[in-house]
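*Asks:* Supplied in structure tokens, the structure appears directly below.
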Amino acid sequence: AKPNDGIDDRVAIQAAIDATEPGGTHAGMALFVPPGVYDVSGPIVLKAHTHLFGIPYGQSQLHATDTWTDSLKANAWVIETVDEAAATTAIEYVWPTWKEPPGSTGVWMSQVRWRVGKNSVMRGVRGQTHATRCEDLPRQMWRVEGHGGGRWYTWMEEIAQAKKCRNPAYMHPDFRKLYITGTTQPLTVYGPNAEHGGNATEGGPANPFIEIVNASNLRFFGIKAETNGTMVVLRNS
């Protein structure tokens, strides 16, 4: 895989990840993502023993191609994991990104779908969220389900809204920055930061940033957000 060349790197990156699994040619090894933007035409799937790491502050990016992004009719995520309770998956400082011009609407692409258990780790993974993105669809930027759990460090999801996106017509009530559903695996989130979104004082509803449904064994330390609405909603949890 070569960064910044506009060529689809999905097959090469996925093959490298698969090779670090037991029985693979590089079993047990960590996989480094050098600085740059790597185009992918479908989700990158982290396996049970994957350790993927890059350079902090968005220098290592997995970028969904425009063709993939434009084709979506339902929620999709740039990064996904297998669904396994005993997984030791780790990802550090690799950012999922895509093109979403200012004031865009009708974009279904999202960041991460997480389904690995209590022994997994996420550190410093933050979507390169371009300014002035809309919340007009019921997409979930991060979704935790199945056996999702583990330890998350410095989780952040930020969307800086344009005034057009503050219009209630562009604010779907089911848009969420983080949606956790059904898991009973221990999940600890250190320093979660859900930034910017619907703001009632600027003409749009302040929808909840985080929703937790039918889940247990969750711990959040030091939560922060910028909103004048509800930060977290708990339902049967």
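Each chain in the structure tokens gets a letter, A, B, ..., in the order shown, and its residues are numbered from 1; ligands are numbered from 1 in order too.
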Excluding Lys118 (chain A) and residues on its chain fewer than 5 positions from it, collect all residues at most 8 Å away from it, counting only C-alpha atoms, and give them as JSON, numbers by chain.
*Replies:* {"A": [85, 86, 87, 148, 149, 150, 151, 185, 186, 187]}
*Asks:* Can I get the selection written as a PDB file, in the first residue's frame, with N, CA and C atoms?
*Replies:*
```
ATOM      1  N   ALA A  85     -15.520 -12.073  21.757  1.00  0.00           N
ATOM      2  CA  ALA A  85     -15.352 -11.649  23.144  1.00  0.00           C
ATOM      3  C   ALA A  85     -13.906 -11.729  23.612  1.00  0.00           C
ATOM      4  N   ALA A  86     -13.158 -12.753  23.159  1.00  0.00           N
ATOM      5  CA  ALA A  86     -11.801 -12.982  23.656  1.00  0.00           C
ATOM      6  C   ALA A  86     -10.731 -12.258  22.837  1.00  0.00           C
ATOM      7  N   ALA A  87     -11.121 -11.437  21.885  1.00  0.00           N
ATOM      8  CA  ALA A  87     -10.159 -10.764  21.017  1.00  0.00           C
ATOM      9  C   ALA A  87      -9.229  -9.849  21.810  1.00  0.00           C
ATOM     10  N   GLY A 148     -18.775  -5.981  21.940  1.00  0.00           N
ATOM     11  CA  GLY A 148     -17.979  -4.772  22.073  1.00  0.00           C
ATOM     12  C   GLY A 148     -17.636  -4.430  23.514  1.00  0.00           C
ATOM     13  N   GLY A 149     -16.366  -4.146  23.751  1.00  0.00           N
ATOM     14  CA  GLY A 149     -15.896  -3.789  25.089  1.00  0.00           C
ATOM     15  C   GLY A 149     -14.463  -3.285  25.006  1.00  0.00           C
ATOM     16  N   GLY A 150     -13.723  -3.417  26.095  1.00  0.00           N
ATOM     17  CA  GLY A 150     -12.308  -3.053  26.098  1.00  0.00           C
ATOM     18  C   GLY A 150     -12.030  -1.740  26.792  1.00  0.00           C
ATOM     19  N   ARG A 151     -10.889  -1.146  26.432  1.00  0.00           N
ATOM     20  CA  ARG A 151     -10.456   0.125  27.012  1.00  0.00           C
ATOM     21  C   ARG A 151     -10.211   1.123  25.882  1.00  0.00           C
ATOM     22  N   GLN A 185     -20.020  -6.847  27.674  1.00  0.00           N
ATOM     23  CA  GLN A 185     -18.581  -6.856  27.886  1.00  0.00           C
ATOM     24  C   GLN A 185     -18.143  -5.574  28.602  1.00  0.00           C
ATOM     25  N   PRO A 186     -17.201  -5.648  29.536  1.00  0.00           N
ATOM     26  CA  PRO A 186     -16.712  -4.430  30.188  1.00  0.00           C
ATOM     27  C   PRO A 186     -16.116  -3.464  29.163  1.00  0.00           C
ATOM     28  N   LEU A 187     -16.563  -2.226  29.188  1.00  0.00           N
ATOM     29  CA  LEU A 187     -16.036  -1.165  28.331  1.00  0.00           C
ATOM     30  C   LEU A 187     -15.750   0.046  29.197  1.00  0.00           C
TER      31      LEU A 187
END
```
*Asks:* Determine which residues of region 94-123 of chain A receive a DSSP assignment of strand (DSSP E or B), computed from the backbone, and state them as a PyMOL selection string.
*Replies:* chain A and resi 95-98+109-114+116+121-123
*Asks:* For region 14-16 of chain A, find every residue with an atom within 12 Å (counting only C-alpha atoms), except residues of its own chain fewer than 5 positions away, and show them as a PyMOL selection string.
*Replies:* chain A and resi 1+8-9+21+24-33+38+40-47+50-52+62+79-81
*Asks:* For each of A:Leu218, A:His63, A:Met156, A:Ala90, take the minimum atom-to-atom distance to Ser120 (chain A), counting only C-alpha atoms, then give the residue where this is smallest.
*Replies:*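 Result for the nearest residue to Ser120 (chain A): A:Ala90.
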*Asks:* Pick out the closest residue to Ala12 (chain A) from this set: A:His196, A:Thr65, A:Phe221, A:Asp39. Count only C-alpha atoms.
*Replies:*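 Checking each of A:His196, A:Thr65, A:Phe221, A:Asp39 against Ala12 (chain A), counting only C-alpha atoms, the winner is A:Asp39.
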*Asks:* Quick one: pick out all alpha helix (DSSP H) residues within region 38-108 of chain A from a backbone DSSP run and write them as a list of chain:residue names.
*Replies:*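 Written out, the alpha helix (DSSP H) residues of region 38-108 of chain A are A:Asp66, A:Thr67, A:Trp68, A:Thr69, A:Asp70, A:Ser71.
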*Asks:* Just to confirm, what's the straight-line distance from CA of Asp18 (chain A) to CA of Thr183 (chain A) in Å (one decimal)?
*Replies:* 25.6 Å
*Asks:* Could you work out how far CA of Asn228 (chain A) lies from CA of Gly124 (chain A), giving the answer in Å with one decimal?
*Replies:*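 Taking CA of Gly124 (chain A) as the start and CA of Asn228 (chain A) as the end point, the length is 25.8 Å.
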